[in-house]
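Colleague: Contents of structure20.cif (mmCIF, N, CA and C atoms) are given next:
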```cif
data_model
loop_
_atom_site.label_atom_id
_atom_site.label_comp_id
_atom_site.auth_asym_id
_atom_site.auth_seq_id
_atom_site.Cartn_x
_atom_site.Cartn_y
_atom_site.Cartn_z
N MET A 108 -6.07 -12.21 -7.76
CA MET A 108 -5.87 -11.54 -6.48
C MET A 108 -5.54 -12.59 -5.43
N GLN A 109 -4.51 -12.30 -4.64
CA GLN A 109 -4.14 -13.23 -3.58
C GLN A 109 -5.17 -13.20 -2.46
N GLN A 110 -5.54 -14.38 -2.01
CA GLN A 110 -6.41 -14.47 -0.84
C GLN A 110 -6.07 -15.73 -0.06
N TYR A 111 -6.31 -15.64 1.23
CA TYR A 111 -6.01 -16.73 2.15
C TYR A 111 -7.22 -16.94 3.04
N ARG A 112 -7.44 -18.17 3.43
CA ARG A 112 -8.56 -18.48 4.32
C ARG A 112 -7.99 -19.04 5.62
N THR A 113 -8.51 -18.53 6.73
CA THR A 113 -8.15 -19.05 8.04
C THR A 113 -9.42 -19.10 8.88
N GLY A 114 -9.84 -20.29 9.24
CA GLY A 114 -11.10 -20.42 9.98
C GLY A 114 -12.24 -19.85 9.17
N ASP A 115 -13.03 -18.97 9.80
CA ASP A 115 -14.16 -18.33 9.13
C ASP A 115 -13.79 -17.02 8.45
N SER A 116 -12.51 -16.69 8.41
CA SER A 116 -12.06 -15.41 7.85
C SER A 116 -11.36 -15.60 6.51
N VAL A 117 -11.47 -14.57 5.68
CA VAL A 117 -10.77 -14.53 4.40
C VAL A 117 -9.91 -13.28 4.40
N ILE A 118 -8.65 -13.43 3.97
CA ILE A 118 -7.70 -12.31 3.93
C ILE A 118 -7.34 -12.06 2.47
N PHE A 119 -7.50 -10.82 2.03
CA PHE A 119 -7.20 -10.43 0.65
C PHE A 119 -6.00 -9.48 0.65
N LYS A 120 -5.13 -9.65 -0.32
CA LYS A 120 -4.07 -8.67 -0.58
C LYS A 120 -4.62 -7.74 -1.65
N VAL A 121 -4.73 -6.44 -1.32
CA VAL A 121 -5.27 -5.46 -2.27
C VAL A 121 -4.12 -4.55 -2.69
N LEU A 122 -3.70 -4.71 -3.93
CA LEU A 122 -2.56 -3.96 -4.45
C LEU A 122 -2.92 -2.50 -4.65
N GLU A 123 -2.03 -1.64 -4.19
CA GLU A 123 -2.15 -0.21 -4.51
C GLU A 123 -1.19 0.13 -5.63
N ARG A 124 0.05 -0.36 -5.50
CA ARG A 124 1.06 0.01 -6.48
C ARG A 124 2.28 -0.88 -6.34
N GLU A 125 2.94 -1.17 -7.45
CA GLU A 125 4.24 -1.81 -7.44
C GLU A 125 5.25 -0.85 -8.04
N ILE A 126 6.42 -0.81 -7.44
CA ILE A 126 7.49 0.07 -7.92
C ILE A 126 8.69 -0.82 -8.23
N HIS A 127 9.31 -0.59 -9.38
CA HIS A 127 10.52 -1.32 -9.77
C HIS A 127 11.61 -0.27 -9.99
N ILE A 128 12.58 -0.24 -9.10
CA ILE A 128 13.65 0.76 -9.17
C ILE A 128 14.98 0.10 -8.81
N SER A 129 16.06 0.82 -9.09
CA SER A 129 17.37 0.30 -8.72
C SER A 129 17.65 0.60 -7.25
N VAL A 130 18.55 -0.18 -6.68
CA VAL A 130 18.96 0.05 -5.30
C VAL A 130 19.51 1.47 -5.15
N ALA A 131 20.27 1.93 -6.14
CA ALA A 131 20.86 3.28 -6.09
C ALA A 131 19.78 4.36 -6.04
N ASP A 132 18.70 4.17 -6.79
CA ASP A 132 17.61 5.15 -6.76
C ASP A 132 16.84 5.09 -5.45
N LEU A 133 16.75 3.91 -4.87
CA LEU A 133 16.03 3.75 -3.61
C LEU A 133 16.81 4.35 -2.45
N TYR A 134 18.12 4.18 -2.45
CA TYR A 134 18.99 4.67 -1.36
C TYR A 134 20.15 5.49 -1.93
N PRO A 135 19.88 6.63 -2.54
CA PRO A 135 20.95 7.38 -3.22
C PRO A 135 22.06 7.86 -2.29
N ASP A 136 21.75 8.21 -1.07
CA ASP A 136 22.77 8.73 -0.16
C ASP A 136 23.55 7.63 0.54
N SER A 137 23.09 6.42 0.48
CA SER A 137 23.71 5.32 1.22
C SER A 137 24.68 4.49 0.39
N LEU A 138 24.71 4.71 -0.90
CA LEU A 138 25.49 3.82 -1.76
C LEU A 138 26.66 4.51 -2.45
N GLN A 139 27.20 5.54 -1.84
CA GLN A 139 28.28 6.28 -2.49
C GLN A 139 29.49 5.39 -2.77
N SER A 140 29.80 4.45 -1.88
CA SER A 140 30.97 3.60 -2.07
C SER A 140 30.61 2.19 -2.53
N ALA A 141 29.36 1.97 -2.85
CA ALA A 141 28.92 0.62 -3.24
C ALA A 141 29.39 0.27 -4.65
N ASP A 142 29.56 -0.99 -4.89
CA ASP A 142 29.87 -1.52 -6.21
C ASP A 142 28.75 -1.11 -7.17
N SER A 143 29.11 -0.62 -8.35
CA SER A 143 28.08 -0.12 -9.26
C SER A 143 27.13 -1.22 -9.72
N ASP A 144 27.63 -2.47 -9.87
CA ASP A 144 26.72 -3.56 -10.24
C ASP A 144 25.67 -3.79 -9.16
N GLU A 145 26.12 -3.74 -7.91
CA GLU A 145 25.18 -3.91 -6.79
C GLU A 145 24.18 -2.76 -6.74
N ALA A 146 24.66 -1.54 -6.94
CA ALA A 146 23.79 -0.37 -6.87
C ALA A 146 22.74 -0.36 -7.98
N ASN A 147 23.05 -1.00 -9.10
CA ASN A 147 22.11 -1.01 -10.22
C ASN A 147 21.17 -2.21 -10.22
N GLN A 148 21.24 -3.04 -9.19
CA GLN A 148 20.33 -4.18 -9.09
C GLN A 148 18.90 -3.69 -8.91
N PRO A 149 17.96 -4.30 -9.59
CA PRO A 149 16.56 -3.87 -9.44
C PRO A 149 15.95 -4.36 -8.13
N VAL A 150 15.06 -3.54 -7.62
CA VAL A 150 14.30 -3.86 -6.42
C VAL A 150 12.82 -3.67 -6.75
N SER A 151 12.00 -4.62 -6.35
CA SER A 151 10.55 -4.49 -6.54
C SER A 151 9.90 -4.26 -5.19
N LEU A 152 9.09 -3.22 -5.11
CA LEU A 152 8.38 -2.89 -3.88
C LEU A 152 6.88 -3.01 -4.14
N SER A 153 6.17 -3.61 -3.21
CA SER A 153 4.73 -3.73 -3.29
C SER A 153 4.10 -2.88 -2.21
N ILE A 154 3.24 -1.98 -2.63
CA ILE A 154 2.47 -1.17 -1.69
C ILE A 154 1.04 -1.71 -1.76
N HIS A 155 0.57 -2.23 -0.66
CA HIS A 155 -0.73 -2.90 -0.67
C HIS A 155 -1.34 -2.88 0.73
N SER A 156 -2.60 -3.21 0.76
CA SER A 156 -3.33 -3.39 2.01
C SER A 156 -3.67 -4.86 2.16
N TRP A 157 -3.95 -5.23 3.38
CA TRP A 157 -4.55 -6.53 3.66
C TRP A 157 -5.97 -6.24 4.14
N VAL A 158 -6.93 -6.94 3.58
CA VAL A 158 -8.32 -6.79 3.97
C VAL A 158 -8.77 -8.11 4.56
N VAL A 159 -9.26 -8.05 5.78
CA VAL A 159 -9.68 -9.25 6.50
C VAL A 159 -11.20 -9.22 6.64
N ARG A 160 -11.84 -10.22 6.05
CA ARG A 160 -13.30 -10.35 6.19
C ARG A 160 -13.55 -11.45 7.22
N THR A 161 -14.09 -11.04 8.36
CA THR A 161 -14.46 -11.99 9.41
C THR A 161 -15.98 -12.12 9.38
N PRO A 162 -16.55 -13.02 10.15
CA PRO A 162 -18.01 -13.10 10.19
C PRO A 162 -18.66 -11.80 10.70
N ASP A 163 -17.93 -11.00 11.49
CA ASP A 163 -18.52 -9.81 12.09
C ASP A 163 -17.99 -8.49 11.54
N ASP A 164 -16.80 -8.48 10.95
CA ASP A 164 -16.16 -7.22 10.55
C ASP A 164 -15.45 -7.37 9.22
N ILE A 165 -15.19 -6.20 8.61
CA ILE A 165 -14.28 -6.11 7.48
C ILE A 165 -13.21 -5.10 7.89
N ILE A 166 -11.98 -5.58 7.99
CA ILE A 166 -10.87 -4.80 8.52
C ILE A 166 -9.86 -4.55 7.41
N VAL A 167 -9.46 -3.30 7.24
CA VAL A 167 -8.41 -2.95 6.29
C VAL A 167 -7.15 -2.64 7.08
N ILE A 168 -6.06 -3.35 6.79
CA ILE A 168 -4.75 -3.09 7.39
C ILE A 168 -3.96 -2.36 6.32
N ASP A 169 -3.62 -1.09 6.59
CA ASP A 169 -3.18 -0.20 5.52
C ASP A 169 -2.02 0.68 5.95
N THR A 170 -1.18 1.05 4.98
CA THR A 170 -0.10 2.01 5.23
C THR A 170 -0.57 3.45 5.07
N GLY A 171 -1.73 3.64 4.47
CA GLY A 171 -2.27 4.99 4.32
C GLY A 171 -1.61 5.80 3.22
N THR A 172 -1.02 5.14 2.23
CA THR A 172 -0.33 5.87 1.17
C THR A 172 -1.32 6.76 0.42
N GLY A 173 -2.26 6.19 -0.27
CA GLY A 173 -3.36 6.94 -0.86
C GLY A 173 -3.03 7.79 -2.08
N ASN A 174 -4.08 8.14 -2.80
CA ASN A 174 -3.99 8.96 -4.00
C ASN A 174 -4.09 10.45 -3.68
N ASP A 175 -3.70 11.24 -4.67
CA ASP A 175 -3.91 12.70 -4.66
C ASP A 175 -3.28 13.41 -3.48
N ARG A 176 -2.11 12.98 -3.07
CA ARG A 176 -1.44 13.62 -1.93
C ARG A 176 -0.17 14.32 -2.42
N ASP A 177 0.05 15.50 -1.87
CA ASP A 177 1.23 16.29 -2.24
C ASP A 177 2.46 15.74 -1.53
N ARG A 178 3.33 15.12 -2.29
CA ARG A 178 4.60 14.61 -1.77
C ARG A 178 5.70 15.03 -2.73
N GLY A 179 5.81 16.33 -2.93
CA GLY A 179 6.76 16.87 -3.89
C GLY A 179 8.19 16.44 -3.67
N ASN A 180 8.53 16.09 -2.42
CA ASN A 180 9.89 15.66 -2.12
C ASN A 180 10.12 14.18 -2.43
N ASN A 181 9.09 13.47 -2.86
CA ASN A 181 9.24 12.05 -3.15
C ASN A 181 8.45 11.70 -4.42
N PRO A 182 9.13 11.68 -5.56
CA PRO A 182 8.42 11.47 -6.83
C PRO A 182 7.74 10.11 -6.96
N PHE A 183 8.17 9.12 -6.18
CA PHE A 183 7.54 7.80 -6.26
C PHE A 183 6.12 7.81 -5.68
N TYR A 184 5.82 8.78 -4.83
CA TYR A 184 4.52 8.82 -4.14
C TYR A 184 3.73 10.10 -4.40
N HIS A 185 4.30 11.05 -5.13
CA HIS A 185 3.66 12.36 -5.34
C HIS A 185 2.45 12.23 -6.27
N GLN A 186 1.31 12.75 -5.80
CA GLN A 186 0.06 12.79 -6.58
C GLN A 186 -0.26 11.45 -7.25
N LEU A 187 -0.27 10.40 -6.45
CA LEU A 187 -0.58 9.08 -6.99
C LEU A 187 -1.99 9.03 -7.56
N ASP A 188 -2.16 8.20 -8.54
CA ASP A 188 -3.47 7.95 -9.13
C ASP A 188 -3.53 6.44 -9.41
N THR A 189 -3.75 5.67 -8.35
CA THR A 189 -3.73 4.21 -8.46
C THR A 189 -5.16 3.67 -8.52
N PRO A 190 -5.33 2.45 -8.98
CA PRO A 190 -6.66 1.83 -9.04
C PRO A 190 -7.03 1.13 -7.73
N TYR A 191 -6.62 1.68 -6.60
CA TYR A 191 -6.83 0.99 -5.33
C TYR A 191 -8.31 0.67 -5.08
N LEU A 192 -9.19 1.64 -5.24
CA LEU A 192 -10.61 1.37 -4.96
C LEU A 192 -11.18 0.31 -5.90
N GLU A 193 -10.76 0.32 -7.16
CA GLU A 193 -11.20 -0.71 -8.09
C GLU A 193 -10.69 -2.08 -7.64
N ASN A 194 -9.44 -2.12 -7.15
CA ASN A 194 -8.88 -3.38 -6.66
C ASN A 194 -9.62 -3.87 -5.41
N LEU A 195 -9.99 -2.93 -4.55
CA LEU A 195 -10.79 -3.30 -3.37
C LEU A 195 -12.14 -3.88 -3.81
N LEU A 196 -12.79 -3.21 -4.74
CA LEU A 196 -14.08 -3.69 -5.24
C LEU A 196 -13.97 -5.07 -5.87
N ALA A 197 -12.81 -5.39 -6.46
CA ALA A 197 -12.61 -6.70 -7.07
C ALA A 197 -12.64 -7.83 -6.05
N THR A 198 -12.48 -7.51 -4.77
CA THR A 198 -12.59 -8.52 -3.71
C THR A 198 -14.05 -8.81 -3.37
N GLY A 199 -14.95 -7.98 -3.88
CA GLY A 199 -16.36 -8.10 -3.52
C GLY A 199 -16.73 -7.24 -2.33
N ILE A 200 -15.78 -6.41 -1.87
CA ILE A 200 -16.01 -5.55 -0.70
C ILE A 200 -16.13 -4.11 -1.17
N LYS A 201 -17.18 -3.44 -0.73
CA LYS A 201 -17.38 -2.02 -1.02
C LYS A 201 -16.77 -1.20 0.11
N PRO A 202 -16.23 -0.01 -0.19
CA PRO A 202 -15.62 0.82 0.86
C PRO A 202 -16.55 1.06 2.05
N GLU A 203 -17.83 1.25 1.80
CA GLU A 203 -18.75 1.55 2.90
C GLU A 203 -19.01 0.34 3.80
N GLU A 204 -18.58 -0.85 3.39
CA GLU A 204 -18.73 -2.05 4.22
C GLU A 204 -17.60 -2.21 5.23
N VAL A 205 -16.51 -1.46 5.06
CA VAL A 205 -15.36 -1.56 5.97
C VAL A 205 -15.77 -1.06 7.35
N THR A 206 -15.49 -1.86 8.37
CA THR A 206 -15.87 -1.50 9.74
C THR A 206 -14.69 -0.98 10.57
N LEU A 207 -13.46 -1.29 10.14
CA LEU A 207 -12.29 -0.88 10.92
C LEU A 207 -11.10 -0.71 9.98
N VAL A 208 -10.33 0.36 10.18
CA VAL A 208 -9.08 0.56 9.45
C VAL A 208 -7.96 0.57 10.46
N LEU A 209 -7.00 -0.32 10.29
CA LEU A 209 -5.83 -0.39 11.15
C LEU A 209 -4.65 0.16 10.36
N MET A 210 -4.13 1.30 10.80
CA MET A 210 -3.00 1.93 10.13
C MET A 210 -1.71 1.32 10.66
N THR A 211 -0.83 0.90 9.76
CA THR A 211 0.43 0.29 10.19
C THR A 211 1.38 1.32 10.77
N HIS A 212 1.27 2.56 10.31
CA HIS A 212 2.10 3.65 10.81
C HIS A 212 1.52 4.95 10.26
N LEU A 213 1.92 6.06 10.85
CA LEU A 213 1.41 7.36 10.41
C LEU A 213 2.57 8.32 10.18
N HIS A 214 2.48 9.06 9.10
CA HIS A 214 3.40 10.14 8.80
C HIS A 214 2.54 11.36 8.47
N THR A 215 3.15 12.52 8.44
CA THR A 215 2.38 13.72 8.14
C THR A 215 1.91 13.76 6.70
N ASP A 216 2.55 13.00 5.80
CA ASP A 216 2.16 13.04 4.39
C ASP A 216 1.16 11.95 4.00
N HIS A 217 0.79 11.09 4.93
CA HIS A 217 -0.22 10.07 4.63
C HIS A 217 -0.82 9.54 5.92
N GLY A 218 -1.90 8.78 5.75
CA GLY A 218 -2.57 8.22 6.92
C GLY A 218 -3.67 9.11 7.46
N ARG A 219 -4.17 10.01 6.63
CA ARG A 219 -5.28 10.85 7.07
C ARG A 219 -6.47 10.62 6.12
N LEU A 220 -7.60 11.00 6.54
CA LEU A 220 -8.84 10.95 5.75
C LEU A 220 -9.39 9.54 5.56
N GLU A 221 -8.81 8.54 6.19
CA GLU A 221 -9.35 7.20 6.06
C GLU A 221 -10.71 7.08 6.73
N TYR A 222 -11.04 7.99 7.64
CA TYR A 222 -12.33 7.94 8.31
C TYR A 222 -13.48 8.08 7.33
N ARG A 223 -13.22 8.57 6.13
CA ARG A 223 -14.29 8.69 5.14
C ARG A 223 -14.79 7.32 4.69
N VAL A 224 -13.96 6.31 4.87
CA VAL A 224 -14.33 4.97 4.44
C VAL A 224 -14.89 4.16 5.60
N ALA A 225 -14.23 4.20 6.75
CA ALA A 225 -14.66 3.34 7.86
C ALA A 225 -15.05 4.17 9.06
#
```
Represent the structure of the file as structure tokens.
Modeller:
Amino acid sequence: MQQYRTGDSVIFKVLEREIHISVADLYPDSLQSADSDEANQPVSLSIHSWVVRTPDDIIVIDTGTGNDRDRGNNPFYHQLDTPYLENLLATGIKPEEVTLVLMTHLHTDHGRLEYRVA
């Protein structure tokens, strides 16, 4: 697990999911005139949180993707079942220890129910 230390704080990268897809699958409407070799190039996406342990707080910086959400219009995110909580626990941090969740952005299909943790 990636971690960084700065002063008295430790920052962990907590993986939720990695996706490996072609550029054409990622942007199907944008590549109509693109070279087919370019369109078939693989792209790797990392969906993850950053967890910052300070002397006073444990802060999760998160996109709010989450498991068990209905996203029928997006098969890459529909009804996810990722090991996110297990990955968080691997840092030595329990969900109930989180004192603050900072959402990077909010959409109607994610970014809700995080209050159950922090």
Colleague: Where does DSSP see helix (DSSP H, G or I) in segment 114-210 of chain A, if you list the residues as a ChimeraX atom specification?
Modeller: /A:130-133,143-146,191-196,202-204
Colleague: How many Å separate atom CA of Arg124 of chain A from atom C of Ser151 of chain A?
Modeller: 9.9 Å
Colleague: Please compute the atom N of Arg112 of chain A-atom C of Val150 of chain A distance, one decimal, in Å.
Modeller: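 Computing the Euclidean distance for atom N of Arg112 of chain A and atom C of Val150 of chain A yields 26.9 Å.
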Colleague: Rank nothing, just name the residue among A:Leu209, A:Leu133, A:Thr172, A:Val159 nearest to Leu187 of chain A, using only N, CA and C atoms.
Modeller: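 When distances to Leu187 of chain A are compared using only N, CA and C atoms, the smallest one comes from A:Thr172.
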Colleague: Tell me, as a list in words, which residues lie within 12 Å of Ile165 of chain A, counting only C-alpha atoms; anything in the same chain fewer than 2 positions away does not count.
Modeller: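 So, after excluding close chain neighbours, the residues are Ser116, Val117, Ile118, Phe119, Trp157, Val158, Val159, Arg160, Thr161, Pro162, Asp163, Val167, Ile168, Leu195, Thr198, Gly199, Ile200, Lys201, Pro202, Glu203, Glu204, Val205, Thr206, Leu207, Val208, Leu209, Val224 and Ala225 of chain A.
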Colleague: Report, in Å with one decimal, the straight-line distance from atom CA of His127 of chain A to atom CA of Pro149 of chain A.
Modeller: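 For atom CA of His127 of chain A relative to atom CA of Pro149 of chain A, the distance reads 6.6 Å.
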Colleague: For the provided coordinates, the residues matched by the PyMOL selection byres (((chain A and resi 170 and name CA) around 8) and name CA) should be stated as a PyMOL selection string.
Modeller: chain A and resi 155-156+168-169+171-172+210-213+218
Colleague: Near Ser153 of chain A, counting all atoms listed in the file, which residues have an atom at most 7 Å away, once you skip same-chain residues fewer than 6 positions from it, shown as a list in words?
Modeller: Glu123, Arg124, Glu125 and Ile126 of chain A
Colleague: Pick from A:Ile166, A:Asp115, A:Asp188, A:Val121: nearest to Ile154 of chain A, with all atoms listed in the file counted?
Modeller: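 Counting all atoms listed in the file, the residue closest to Ile154 of chain A is A:Val121.
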Colleague: Out of A:Met108, A:Asp136, A:Ala197, A:Asp177, which residue has the shortest atom-to-atom distance to Lys120 of chain A when counting all atoms listed in the file?
Modeller: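 That would be A:Met108, the residue with the smallest distance to Lys120 of chain A.
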